[in-house]
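K.L.:
For reference, the file work_2.cif (mmCIF, C-alpha atoms) is included below:
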data_my_file
loop_
_atom_site.label_atom_id
_atom_site.label_comp_id
_atom_site.auth_asym_id
_atom_site.auth_seq_id
_atom_site.Cartn_x
_atom_site.Cartn_y
_atom_site.Cartn_z
CA PRO A 1 0.00 0.00 0.00
CA GLY A 2 0.98 3.60 -0.44
CA GLY A 3 2.51 5.71 2.23
CA GLY A 4 -0.28 8.13 2.90
CA TYR A 5 -0.37 11.66 1.51
CA GLY A 6 2.97 11.75 -0.20
CA GLY A 7 5.08 10.79 2.80
CA TYR A 8 7.60 13.01 4.49
CA GLY A 9 9.14 15.86 2.62
CA SER A 10 6.64 15.94 -0.22
CA PRO A 11 5.36 19.41 -1.09
CA GLY A 12 2.26 20.16 0.91
CA GLY A 13 1.79 16.57 2.04
CA PRO A 14 1.04 16.00 5.70
CA GLY A 15 2.77 12.63 5.81
CA GLY A 16 2.69 10.30 8.76
CA TYR A 17 -0.43 8.33 7.83
CA GLY A 18 1.07 5.44 5.93
CA PRO A 19 1.16 1.87 7.26
CA PRO A 20 3.39 1.09 10.26
CA SER A 21 7.05 1.74 9.56
CA GLY A 22 8.69 -0.34 12.23
CA TYR A 23 8.27 1.71 15.39
CA GLY A 24 7.22 -0.37 18.33
CA ALA A 25 4.52 0.43 20.86
CA TRP A 26 5.30 2.47 23.94
CA GLY A 27 7.24 0.56 26.51
CA GLY A 28 9.31 -1.24 23.82
CA GLY A 29 12.66 -0.27 25.36
CA TRP A 30 13.11 3.34 24.32
CA GLY A 31 12.38 4.88 27.72
CA GLY A 32 8.66 5.45 27.99
CA PRO A 33 6.24 7.75 26.24
CA PRO A 34 7.47 10.99 24.67
CA PRO A 35 6.40 14.42 25.86
CA ALA A 36 3.00 15.56 24.71
CA ALA A 37 3.92 17.86 21.84
CA LYS A 38 0.90 19.54 20.30
CA PRO A 39 1.65 20.90 16.84
CA GLY A 40 -2.04 20.86 15.88
CA VAL A 41 -5.46 20.21 17.38
CA ILE A 42 -4.46 17.24 19.57
CA PRO A 43 -1.46 16.37 21.75
CA LEU A 44 0.68 13.61 20.24
CA ARG A 45 -0.01 10.89 22.79
CA PRO A 46 -2.87 8.52 23.60
CA LEU A 47 -6.02 10.62 23.84
CA GLY A 48 -8.86 10.75 26.29
CA VAL A 49 -12.47 10.85 25.17
CA GLY A 50 -12.74 14.58 25.83
CA GLU A 51 -9.58 15.28 23.82
CA ILE A 52 -10.95 13.42 20.79
CA LEU A 53 -14.21 15.37 20.93
CA ASP A 54 -12.36 18.63 21.57
CA GLY A 55 -10.02 17.91 18.68
CA ALA A 56 -12.95 17.55 16.28
CA VAL A 57 -14.45 20.83 17.49
CA SER A 58 -11.05 22.57 17.44
CA THR A 59 -10.55 21.52 13.82
CA MET A 60 -13.88 23.07 12.92
CA ARG A 61 -13.11 26.23 14.90
CA THR A 62 -9.50 26.72 13.77
CA TYR A 63 -10.00 25.90 10.09
CA TRP A 64 -13.59 27.06 9.90
CA ARG A 65 -13.32 28.52 6.40
CA THR A 66 -12.34 25.19 4.89
CA VAL A 67 -14.41 22.95 7.16
CA LEU A 68 -17.63 24.93 6.97
CA GLY A 69 -17.01 25.68 3.30
CA ILE A 70 -16.89 21.95 2.54
CA SER A 71 -19.82 21.11 4.79
CA LEU A 72 -21.99 23.96 3.55
CA THR A 73 -21.30 23.28 -0.12
CA VAL A 74 -22.02 19.56 0.15
CA ALA A 75 -25.08 20.13 2.35
CA VAL A 76 -26.59 22.75 0.00
CA VAL A 77 -26.04 20.71 -3.17
CA THR A 78 -27.38 17.57 -1.53
CA GLU A 79 -30.41 19.26 0.00
CA VAL A 80 -31.34 21.08 -3.23
CA ALA A 81 -31.32 17.74 -5.06
CA VAL A 82 -33.41 16.12 -2.33
CA ILE A 83 -35.93 18.99 -2.24
CA LEU A 84 -36.36 18.88 -6.02
CA LEU A 85 -36.87 15.14 -5.94
CA GLN A 86 -39.32 15.32 -3.06
CA GLY A 87 -41.22 18.23 -4.55
CA LEU A 88 -41.46 16.85 -8.07
CA VAL A 89 -41.78 13.12 -7.39
CA LEU A 90 -42.55 12.27 -3.78
CA ASN A 91 -45.12 15.06 -3.50
CA ASP A 92 -47.47 13.09 -5.75
CA THR A 93 -51.06 13.28 -4.54
CA GLU A 94 -52.13 10.25 -6.59
CA THR A 95 -49.47 8.11 -4.96
CA THR A 96 -50.37 9.39 -1.49
CA ASP A 97 -54.10 8.88 -2.08
CA ALA A 98 -53.56 5.32 -3.29
CA LEU A 99 -51.58 4.42 -0.17
CA ASN A 100 -54.16 6.02 2.13
CA ASP A 101 -57.24 4.65 0.32
CA PRO A 102 -58.58 1.46 2.00
CA SER A 103 -60.51 0.62 -1.17
CA ALA A 104 -57.48 0.85 -3.49
CA SER A 105 -56.72 -2.28 -5.48
CA LEU A 106 -53.62 -4.37 -4.85
CA THR A 107 -52.21 -3.24 -8.20
CA GLU A 108 -52.63 0.45 -7.30
CA ILE A 109 -51.10 -0.03 -3.86
CA SER A 110 -48.18 -2.01 -5.29
CA ARG A 111 -47.49 0.61 -7.96
CA ALA A 112 -47.68 3.46 -5.43
CA ALA A 113 -45.46 1.62 -2.96
CA GLY A 114 -42.94 0.93 -5.73
CA GLU A 115 -42.84 4.61 -6.69
CA VAL A 116 -42.31 5.66 -3.09
CA ALA A 117 -39.58 3.03 -2.60
CA LEU A 118 -37.80 4.12 -5.79
CA SER A 119 -38.00 7.81 -4.89
CA SER A 120 -36.92 7.19 -1.31
CA GLY A 121 -34.01 5.12 -2.58
CA ALA A 122 -32.99 8.01 -4.82
CA VAL A 123 -33.10 10.40 -1.84
CA LEU A 124 -31.00 7.96 0.17
CA LEU A 125 -28.49 7.66 -2.66
CA ILE A 126 -28.16 11.44 -3.01
CA THR A 127 -27.67 11.80 0.74
CA LEU A 128 -25.12 8.96 0.74
CA VAL A 129 -23.08 10.52 -2.06
CA GLY A 130 -23.03 13.87 -0.26
CA THR A 131 -21.99 12.25 3.02
CA ILE A 132 -19.19 10.30 1.34
CA ILE A 133 -17.78 13.38 -0.40
CA ALA A 134 -17.93 15.41 2.82
CA THR A 135 -16.28 12.57 4.76
CA ALA A 136 -13.48 12.23 2.21
CA LEU A 137 -12.67 15.95 2.19
CA LEU A 138 -12.99 16.41 5.96
CA THR A 139 -10.78 13.39 6.59
CA THR A 140 -8.00 15.16 4.71
CA VAL A 141 -8.62 18.44 6.57
CA THR A 142 -8.56 16.74 9.99
CA SER A 143 -5.39 14.78 9.20
CA ARG A 144 -3.64 18.06 8.31
CA ALA A 145 -5.08 19.78 11.40
CA VAL A 146 -3.36 17.20 13.61
CA LEU A 147 -0.06 18.48 12.22
CA GLY A 148 -1.10 22.13 12.54
CA LYS A 149 -1.27 22.54 8.76
CA SER A 150 -4.09 24.22 6.91
CA VAL A 151 -5.51 23.03 3.62
CA THR A 152 -7.74 24.65 1.04
CA ILE A 153 -10.86 22.99 -0.36
CA GLY A 154 -9.09 22.51 -3.68
CA GLU A 155 -6.11 20.82 -2.03
CA ALA A 156 -8.39 18.61 0.04
CA TRP A 157 -10.24 17.53 -3.09
CA ARG A 158 -7.01 16.77 -4.99
CA ASP A 159 -5.81 14.59 -2.11
CA ALA A 160 -9.12 12.82 -1.59
CA ARG A 161 -10.30 12.39 -5.19
CA PRO A 162 -8.32 9.21 -6.01
CA GLN A 163 -9.93 7.41 -3.08
CA VAL A 164 -13.52 8.67 -3.33
CA LEU A 165 -14.79 5.81 -5.49
CA LYS A 166 -13.11 3.31 -3.17
CA LEU A 167 -14.75 5.01 -0.21
CA PHE A 168 -18.12 4.74 -1.93
CA GLY A 169 -17.47 1.04 -2.53
CA LEU A 170 -16.46 0.60 1.11
CA ILE A 171 -19.71 2.15 2.37
CA ILE A 172 -21.81 0.08 -0.06
CA LEU A 173 -19.98 -3.12 0.91
CA THR A 174 -20.43 -2.60 4.65
CA GLY A 175 -24.10 -1.78 4.06
CA LEU A 176 -24.58 -4.99 2.08
CA ILE A 177 -22.82 -6.95 4.81
CA ALA A 178 -25.19 -5.49 7.43
CA VAL A 179 -28.27 -6.27 5.33
CA GLY A 180 -27.00 -9.78 4.65
CA ILE A 181 -26.48 -10.48 8.34
CA LEU A 182 -30.00 -9.28 9.18
CA LEU A 183 -31.47 -11.45 6.42
CA VAL A 184 -29.56 -14.49 7.69
CA GLY A 185 -30.90 -13.80 11.18
CA ALA A 186 -34.48 -13.62 9.90
CA LEU A 187 -34.08 -16.67 7.64
CA PRO A 188 -35.27 -19.33 10.14
CA GLY A 189 -38.50 -17.41 10.75
CA ILE A 190 -39.00 -16.92 7.00
CA VAL A 191 -38.48 -20.65 6.35
CA VAL A 192 -40.97 -21.62 9.05
CA ALA A 193 -43.48 -19.10 7.65
CA ILE A 194 -43.12 -20.54 4.13
CA ALA A 195 -43.57 -24.04 5.55
CA GLY A 196 -46.83 -22.95 7.18
CA GLY A 197 -45.68 -23.20 10.79
CA PRO A 198 -47.59 -21.77 13.77
CA GLY A 199 -47.75 -17.99 14.05
CA GLY A 200 -46.20 -17.93 17.53
CA ALA A 201 -43.14 -19.85 16.39
CA ILE A 202 -42.74 -17.63 13.35
CA ALA A 203 -42.90 -14.45 15.45
CA ALA A 204 -40.47 -15.82 18.04
CA LEU A 205 -37.96 -16.93 15.41
CA LEU A 206 -38.18 -13.60 13.59
CA VAL A 207 -37.72 -11.55 16.76
CA LEU A 208 -34.84 -13.65 18.07
CA GLY A 209 -33.20 -13.93 14.67
CA ILE A 210 -33.39 -10.24 13.90
CA LEU A 211 -32.18 -9.38 17.42
CA ALA A 212 -29.19 -11.69 16.99
CA GLY A 213 -28.57 -10.16 13.57
CA VAL A 214 -28.61 -6.65 15.03
CA ILE A 215 -26.10 -7.62 17.72
CA VAL A 216 -23.74 -9.21 15.20
CA THR A 217 -24.15 -6.25 12.83
CA VAL A 218 -23.31 -3.69 15.52
CA TRP A 219 -20.29 -5.73 16.62
CA LEU A 220 -19.02 -6.02 13.07
CA MET A 221 -19.72 -2.39 12.10
CA VAL A 222 -17.69 -1.14 15.08
CA ARG A 223 -14.81 -3.41 14.00
CA PHE A 224 -15.01 -1.86 10.53
CA SER A 225 -15.62 1.71 11.75
CA LEU A 226 -12.02 2.87 11.23
CA ALA A 227 -11.83 1.52 7.69
CA SER A 228 -12.74 4.88 6.17
CA PRO A 229 -9.73 6.84 7.50
CA ALA A 230 -7.50 3.83 6.85
CA LEU A 231 -8.63 3.81 3.21
CA MET A 232 -8.27 7.59 2.78
CA LEU A 233 -5.04 8.24 4.70
CA GLU A 234 -3.09 5.05 4.01
CA LYS A 235 -4.33 4.79 0.41
CA GLN A 236 -5.46 1.26 1.15
CA SER A 237 -7.76 -0.92 -0.92
CA ILE A 238 -11.27 -1.66 0.32
CA THR A 239 -10.47 -5.10 1.71
CA LYS A 240 -7.17 -4.03 3.26
CA SER A 241 -8.82 -1.03 4.92
CA LEU A 242 -11.38 -3.37 6.51
CA GLY A 243 -8.52 -5.51 7.76
CA ARG A 244 -6.66 -2.49 9.12
CA SER A 245 -9.75 -1.33 10.98
CA THR A 246 -10.26 -4.78 12.47
CA LYS A 247 -6.66 -4.82 13.67
CA LEU A 248 -6.86 -1.35 15.19
CA VAL A 249 -10.16 -2.00 16.98
CA ARG A 250 -9.16 -5.44 18.31
CA GLY A 251 -9.03 -5.32 22.10
CA SER A 252 -10.63 -1.85 22.20
CA TRP A 253 -14.12 -2.62 20.88
CA TRP A 254 -16.03 -1.15 23.82
CA ARG A 255 -13.91 1.98 23.87
CA VAL A 256 -14.33 2.59 20.15
CA PHE A 257 -18.05 1.85 20.38
CA GLY A 258 -18.50 4.17 23.36
CA ILE A 259 -16.68 7.12 21.79
CA GLN A 260 -18.51 6.82 18.49
CA PHE A 261 -21.86 6.35 20.22
CA LEU A 262 -21.24 9.46 22.31
CA ALA A 263 -20.21 11.42 19.21
CA SER A 264 -23.38 10.28 17.43
CA ILE A 265 -25.54 11.47 20.33
CA ILE A 266 -23.81 14.87 20.35
CA ALA A 267 -24.14 15.17 16.56
CA ASN A 268 -27.84 14.26 16.69
CA ILE A 269 -28.48 16.80 19.44
CA VAL A 270 -26.69 19.51 17.45
CA SER A 271 -28.62 18.55 14.34
CA SER A 272 -31.94 18.55 16.20
CA LEU A 273 -31.29 22.02 17.57
CA ALA A 274 -31.12 23.23 13.97
CA VAL A 275 -33.71 20.99 12.30
CA VAL A 276 -36.58 20.99 14.82
CA PRO A 277 -37.15 24.80 14.96
CA PHE A 278 -37.18 24.99 11.16
CA THR A 279 -39.57 22.04 10.96
CA LEU A 280 -42.00 23.71 13.35
CA LEU A 281 -41.64 27.01 11.47
CA ALA A 282 -42.31 25.20 8.20
CA ALA A 283 -45.44 23.58 9.65
CA TYR A 284 -46.88 26.96 10.63
CA ALA A 285 -45.76 28.69 7.43
CA SER A 286 -47.48 26.02 5.35
CA GLY A 287 -50.76 26.79 7.12
CA HIS A 288 -51.21 23.43 8.89
CA GLY A 289 -49.81 24.24 12.32
CA LEU A 290 -48.32 21.77 14.78
CA THR A 291 -51.40 19.53 14.90
CA GLY A 292 -51.52 19.25 11.13
CA PHE A 293 -47.81 18.49 11.03
CA LEU A 294 -48.19 15.62 13.49
CA GLU A 295 -51.16 14.16 11.63
CA ASN A 296 -49.86 14.40 8.06
CA THR A 297 -46.76 13.66 6.02
CA SER A 298 -44.43 16.20 4.47
CA ALA A 299 -45.87 15.32 1.07
CA ASP A 300 -49.00 17.27 2.04
CA TYR A 301 -47.18 20.56 2.62
CA GLY A 302 -45.69 21.47 -0.74
CA TRP A 303 -42.72 23.66 -1.57
CA THR A 304 -42.96 26.01 1.42
CA PHE A 305 -42.57 23.16 3.87
CA LEU A 306 -39.80 21.47 1.88
CA ILE A 307 -37.73 24.65 1.42
CA ILE A 308 -37.89 25.77 5.07
CA THR A 309 -37.12 22.30 6.42
CA GLY A 310 -34.36 22.04 3.83
CA ILE A 311 -32.69 25.15 5.28
CA GLY A 312 -32.75 23.53 8.71
CA SER A 313 -31.28 20.34 7.28
CA VAL A 314 -28.46 22.28 5.62
CA ILE A 315 -27.54 23.96 8.91
CA GLY A 316 -27.72 20.65 10.77
CA SER A 317 -25.55 18.85 8.20
CA MET A 318 -23.07 21.73 8.10
CA LEU A 319 -22.45 21.23 11.83
CA THR A 320 -22.65 17.43 12.08
CA PHE A 321 -20.44 16.50 9.11
CA PRO A 322 -17.28 17.85 10.81
CA ILE A 323 -18.12 16.25 14.15
CA ASN A 324 -18.70 12.76 12.74
CA ALA A 325 -15.75 12.84 10.35
CA GLY A 326 -13.42 14.47 12.86
CA VAL A 327 -14.11 12.02 15.67
CA THR A 328 -13.61 9.02 13.37
CA VAL A 329 -10.27 10.32 12.06
CA LEU A 330 -8.98 11.26 15.51
CA LEU A 331 -10.06 7.91 16.93
CA TYR A 332 -8.17 6.19 14.12
CA ILE A 333 -5.07 8.28 14.87
CA ASP A 334 -5.42 7.61 18.59
CA GLN A 335 -5.57 3.84 18.03
CA ARG A 336 -2.48 4.00 15.84
CA ILE A 337 -0.65 6.05 18.46
CA ARG A 338 -1.52 3.43 21.07
CA ARG A 339 -0.57 0.45 18.93
CA GLU A 340 2.04 1.67 16.45
CA ALA A 341 3.64 4.76 18.04
CA LEU A 342 2.27 6.92 15.25
CA ASP A 343 3.03 9.96 17.41
CA LEU A 344 6.70 9.62 16.42
CA GLU A 345 5.76 9.74 12.74
CA LEU A 346 3.42 12.68 13.27
CA ALA A 347 5.99 14.64 15.28
CA ARG A 348 8.56 14.18 12.53
CA ALA A 349 6.03 15.22 9.86
CA ALA A 350 5.09 18.29 11.92
CA GLY A 351 8.74 19.29 12.36
CA VAL A 352 8.79 18.86 16.16
CA GLU A 353 12.41 18.89 17.33
CA ASN A 354 13.80 16.46 19.92
CA TYR A 355 10.51 14.64 20.17
CA GLY A 356 10.71 11.73 22.61
CA ALA A 357 13.41 13.29 24.75
CA GLY A 358 12.94 14.68 28.21
CA THR A 359 10.23 14.03 30.71
CA PRO A 360 7.33 11.94 29.45
CA GLY A 361 4.01 13.68 29.19
CA ALA A 362 1.01 12.53 31.13
CA VAL A 363 -1.14 9.92 29.45
CA PRO A 364 -4.84 10.35 30.14
CA GLY A 365 -7.23 7.54 30.83
CA SER A 366 -9.28 6.06 28.03
#
Now that the file is in, can you turn its structure into structure tokens?

P.N.:
Amino acid sequence: PGGGYGGYGSPGGPGGYGPPSGYGAWGGGWGGPPPAAKPGVIPLRPLGVGEILDGAVSTMRTYWRTVLGISLTVAVVTEVAVILLQGLVLNDTETTDALNDPSASLTEISRAAGEVALSSGAVLLITLVGTIIATALLTTVTSRAVLGKSVTIGEAWRDARPQVLKLFGLIILTGLIAVGILLVGALPGIVVAIAGGPGGAIAALLVLGILAGVIVTVWLMVRFSLASPALMLEKQSITKSLGRSTKLVRGSWWRVFGIQFLASIIANIVSSLAVVPFTLLAAYASGHGLTGFLENTSADYGWTFLIITGIGSVIGSMLTFPINAGVTVLLYIDQRIRREALDLELARAAGVENYGAGTPGAVPGS
């Protein structure tokens, strides 16, 4: 595999994110951990939970022009496409009436459900593409921020572009794996249902099977959760990035899960603070009020509702993209510092002199 963004000494390249280059873990005979140099948004030592979260926020605050520029651009383009699709396709009164009409024929219901599924899939695909592009660009920005180096949107795109299609493939592959596991879990219940078994047995098998599938899926997705930065920063292939993530997460599953779960909660709260007020405003502006909003779907509101809620979604995405991407990248870097002494590589790339000499810095708890 390649050695990250150009390796050391390359013009403009941050370096330090290639595969392990032979440095052992701390405690391997070189005198303990180095001092906690901090050339960028994090100290170069094993990080605490608060430092990872603070590093993601510091990246957004310090390099706000690039970070918010990327997030805002991707969010606006994505949301405009979604609004147009929802307004022109999903806001189809005939489709809505067919689904809500108890007397509709099976053919009408099937056709309407197919149209909704196709349109919803298109919305999901648009959102997925936007998220992947934002993740790719923000991964580059965060990796530079660790070294205290800024990057323009154009530079971030040039660095990330060769890996974007691979990142898309990685996300699709992990999604298919998750769906496959859930289907395997539900398979016994489906087989019993086809065989005409008792309803109680079918329900029990479906519930237990799907529950087991969810548990396995969560376990596996956490193991693969660092594959994205491994793919982007180490220039790995899809399969090798999955293997790298598995190796980095091994023995730290609960810690990785806990940090990412906490980051997701924070991101959802931030997003809700932006989305909910605009949704309520849209409900009143469309003339239906809060009661009408709770009793109807967005397809009943038209362009006013879609545009106002879209503004809220743009603001929410603009704030959550950097948090999610930043935490994942910093968690990846933290795991490599703990396992591969990546801090030595990063210090060299950042130009820190005499790193590793002197009194060791304090190492926070996990």

K.L.:
Report, in Å with one decimal, the straight-line distance from CA of Leu128 in chain A to CA of Lys166 in chain A.

P.N.:
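Computing it gives 13.8 Å between the two atoms.
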
K.L.:
Counting all atoms listed in the file, figure out which residue out of A:Ala186, A:Ile215, A:Leu170, A:Ile307 gets nearest to Ala227 in chain A.

P.N.:
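Among A:Ala186, A:Ile215, A:Leu170, A:Ile307, it is A:Leu170 that comes nearest to Ala227 in chain A.
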
K.L.:
Need the shell around Leu205 in chain A: protein/DNA/RNA residues with any atom at most 8 Å away, counting only C-alpha atoms. Skip same-chain ones fewer than 4 positions apart. Format as number ranges by chain?

P.N.:
A: 186, 188-189, 201, 209

K.L.:
Could you tell me which residues the PyMOL selection byres ((chain A and resi 246) around 10) grabs in this file, written as a PyMOL selection string?

P.N.:
chain A and resi 220-227+240-245+247-251+253

K.L.:
Keeping C-alpha atoms for every residue in the selection just given, could you write it to a file as a PDB file, keeping the file's coordinate frame?

P.N.:
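The resulting file, result_4.pdb, is reproduced below:
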ATOM      1  CA  LEU A 220     -19.020  -6.020  13.070  1.00  0.00           C
ATOM      2  CA  MET A 221     -19.720  -2.390  12.100  1.00  0.00           C
ATOM      3  CA  VAL A 222     -17.690  -1.140  15.080  1.00  0.00           C
ATOM      4  CA  ARG A 223     -14.810  -3.410  14.000  1.00  0.00           C
ATOM      5  CA  PHE A 224     -15.010  -1.860  10.530  1.00  0.00           C
ATOM      6  CA  SER A 225     -15.620   1.710  11.750  1.00  0.00           C
ATOM      7  CA  LEU A 226     -12.020   2.870  11.230  1.00  0.00           C
ATOM      8  CA  ALA A 227     -11.830   1.520   7.690  1.00  0.00           C
ATOM      9  CA  LYS A 240      -7.170  -4.030   3.260  1.00  0.00           C
ATOM     10  CA  SER A 241      -8.820  -1.030   4.920  1.00  0.00           C
ATOM     11  CA  LEU A 242     -11.380  -3.370   6.510  1.00  0.00           C
ATOM     12  CA  GLY A 243      -8.520  -5.510   7.760  1.00  0.00           C
ATOM     13  CA  ARG A 244      -6.660  -2.490   9.120  1.00  0.00           C
ATOM     14  CA  SER A 245      -9.750  -1.330  10.980  1.00  0.00           C
ATOM     15  CA  LYS A 247      -6.660  -4.820  13.670  1.00  0.00           C
ATOM     16  CA  LEU A 248      -6.860  -1.350  15.190  1.00  0.00           C
ATOM     17  CA  VAL A 249     -10.160  -2.000  16.980  1.00  0.00           C
ATOM     18  CA  ARG A 250      -9.160  -5.440  18.310  1.00  0.00           C
ATOM     19  CA  GLY A 251      -9.030  -5.320  22.100  1.00  0.00           C
ATOM     20  CA  TRP A 253     -14.120  -2.620  20.880  1.00  0.00           C
TER      21      TRP A 253
END

K.L.:
Using only C-alpha atoms, tabulate the residues of range 134-168 of chain A lying at most 12 Å from any atom of range 63-81 of chain A, each with its closest atom pair and that distance in Å to one decimal, by chain and increasing residue number, as a Markdown table.

P.N.:
| residue | atom | partner | partner_atom | distance |
| --- | --- | --- | --- | --- |
| A:Ala134 | CA | A:Ser71 | CA | 6.3 |
| A:Thr135 | CA | A:Ser71 | CA | 9.2 |
| A:Ala136 | CA | A:Ile70 | CA | 10.3 |
| A:Leu137 | CA | A:Ile70 | CA | 7.3 |
| A:Leu138 | CA | A:Val67 | CA | 6.8 |
| A:Thr139 | CA | A:Val67 | CA | 10.2 |
| A:Thr140 | CA | A:Val67 | CA | 10.4 |
| A:Val141 | CA | A:Val67 | CA | 7.4 |
| A:Thr142 | CA | A:Val67 | CA | 9.0 |
| A:Arg144 | CA | A:Tyr63 | CA | 10.3 |
| A:Ala145 | CA | A:Tyr63 | CA | 8.0 |
| A:Val146 | CA | A:Tyr63 | CA | 11.5 |
| A:Gly148 | CA | A:Tyr63 | CA | 10.0 |
| A:Lys149 | CA | A:Tyr63 | CA | 9.4 |
| A:Ser150 | CA | A:Tyr63 | CA | 6.9 |
| A:Val151 | CA | A:Thr66 | CA | 7.3 |
| A:Thr152 | CA | A:Thr66 | CA | 6.0 |
| A:Ile153 | CA | A:Thr66 | CA | 5.9 |
| A:Gly154 | CA | A:Thr66 | CA | 9.5 |
| A:Glu155 | CA | A:Thr66 | CA | 10.3 |
| A:Ala156 | CA | A:Thr66 | CA | 9.1 |
| A:Trp157 | CA | A:Ile70 | CA | 9.8 |
